[in-house]
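Following: one structure in structure tokens, then a few remarks.
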Amino acid sequence: SGCKLRLKGGLAVASMLQVNQSLEELLLSSCDINTDVLIALATVLCFNQSVRILDISRTLSISRQNETTIYLGRMLKVNNSLNELRISKYGLTDCDILELCGFLKDNKSLRHIDLSCNKLAQDGAKFLSQLLKFNTTLKQIDLTANMIGDPGLISLSEVIRTYNSTLEILKIGYNNIGDTGLCYLFNSLLSNDTVIGLSIWGNKFGPITCKTLSSLLETIPPRFALDRKYIDVVPYSVEGKIYLAELN
């Protein structure tokens, strides 16, 4: 990551992957790769079965954004080895997520997807929710620093409560979420026994959110799997009022 590969270096990496069957981690974040390189990588990874982790975060400004998303989606539909995909700071929109989710329905290997610092709003979260109704492999989703808001989190929470039983970690910090969405999520977790980790710092914590989370962490209701070790906030009390502090 961070090496200025640009077009020539990026295409050389893609060419190497045509014959290399031992490389497991390909970290190309902030490498100044462009659309042509991304398309080449996605095409090669349709056949390469060794790469387990792919990071293409923070690419150069892409004019044909939707085209690269389609190539990535086609790759994810047929690739059976990739476990982790990082596409943070990629400029993804709700339309791009709709495209990706259409292809991810057929993916059986991806465990972790990082969609942080993109341009996803409530519709993007709804598209992910539809995917999670049927997906049985994704264990961690990072949506940090998007704008899914209360409606987006409610959509995700409903799926967590009713359909999905494989997701373990959900990161939704800095998403303009308030008491309505957060409390809906906490109540949904009462019916879910797989989500053990949660990142929510950077949202709007009102008194109801603070009190509800504090109560859940103290009482630990049946089927409530959330673990204090894997949550990024901790409740504390000042003069009888409960607040949340960030844990690093």
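Order determines the names: the first chain of the structure tokens is A, the second B, and so forth; residues in each chain are numbered 1 upward, and ligands are numbered 1 upward as they are shown.
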
| said: Let's see if you can do this: from backbone DSSP, list all alpha helix (DSSP H) residues in stretch 37-214 of chain A, as a count of residues only. | reply: 77

- Item | Sel. of strand (DSSP E) residues, stretch 96-195 of chain A, as a list in words |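 Residues of stretch 96-195 of chain A classed as strand (DSSP E): His112, Ile113, Asp114, Gln140, Ile141, Asp142, Ile169, Leu170 and Lys171 of chain A.
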
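Going from atom CA of A:Ala225 to atom CA of A:Leu185 covers 13.1 Å.
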
Counting only C-alpha atoms, the residue of A:Leu216, A:Cys117, A:Ile172, A:Met75 that sits nearest A:Lys204:
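Closest residue, counting only C-alpha atoms: A:Ile172.
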
From atom CA of A:Tyr163 to atom CA of A:Cys183 the spacing works out at 18.7 Å
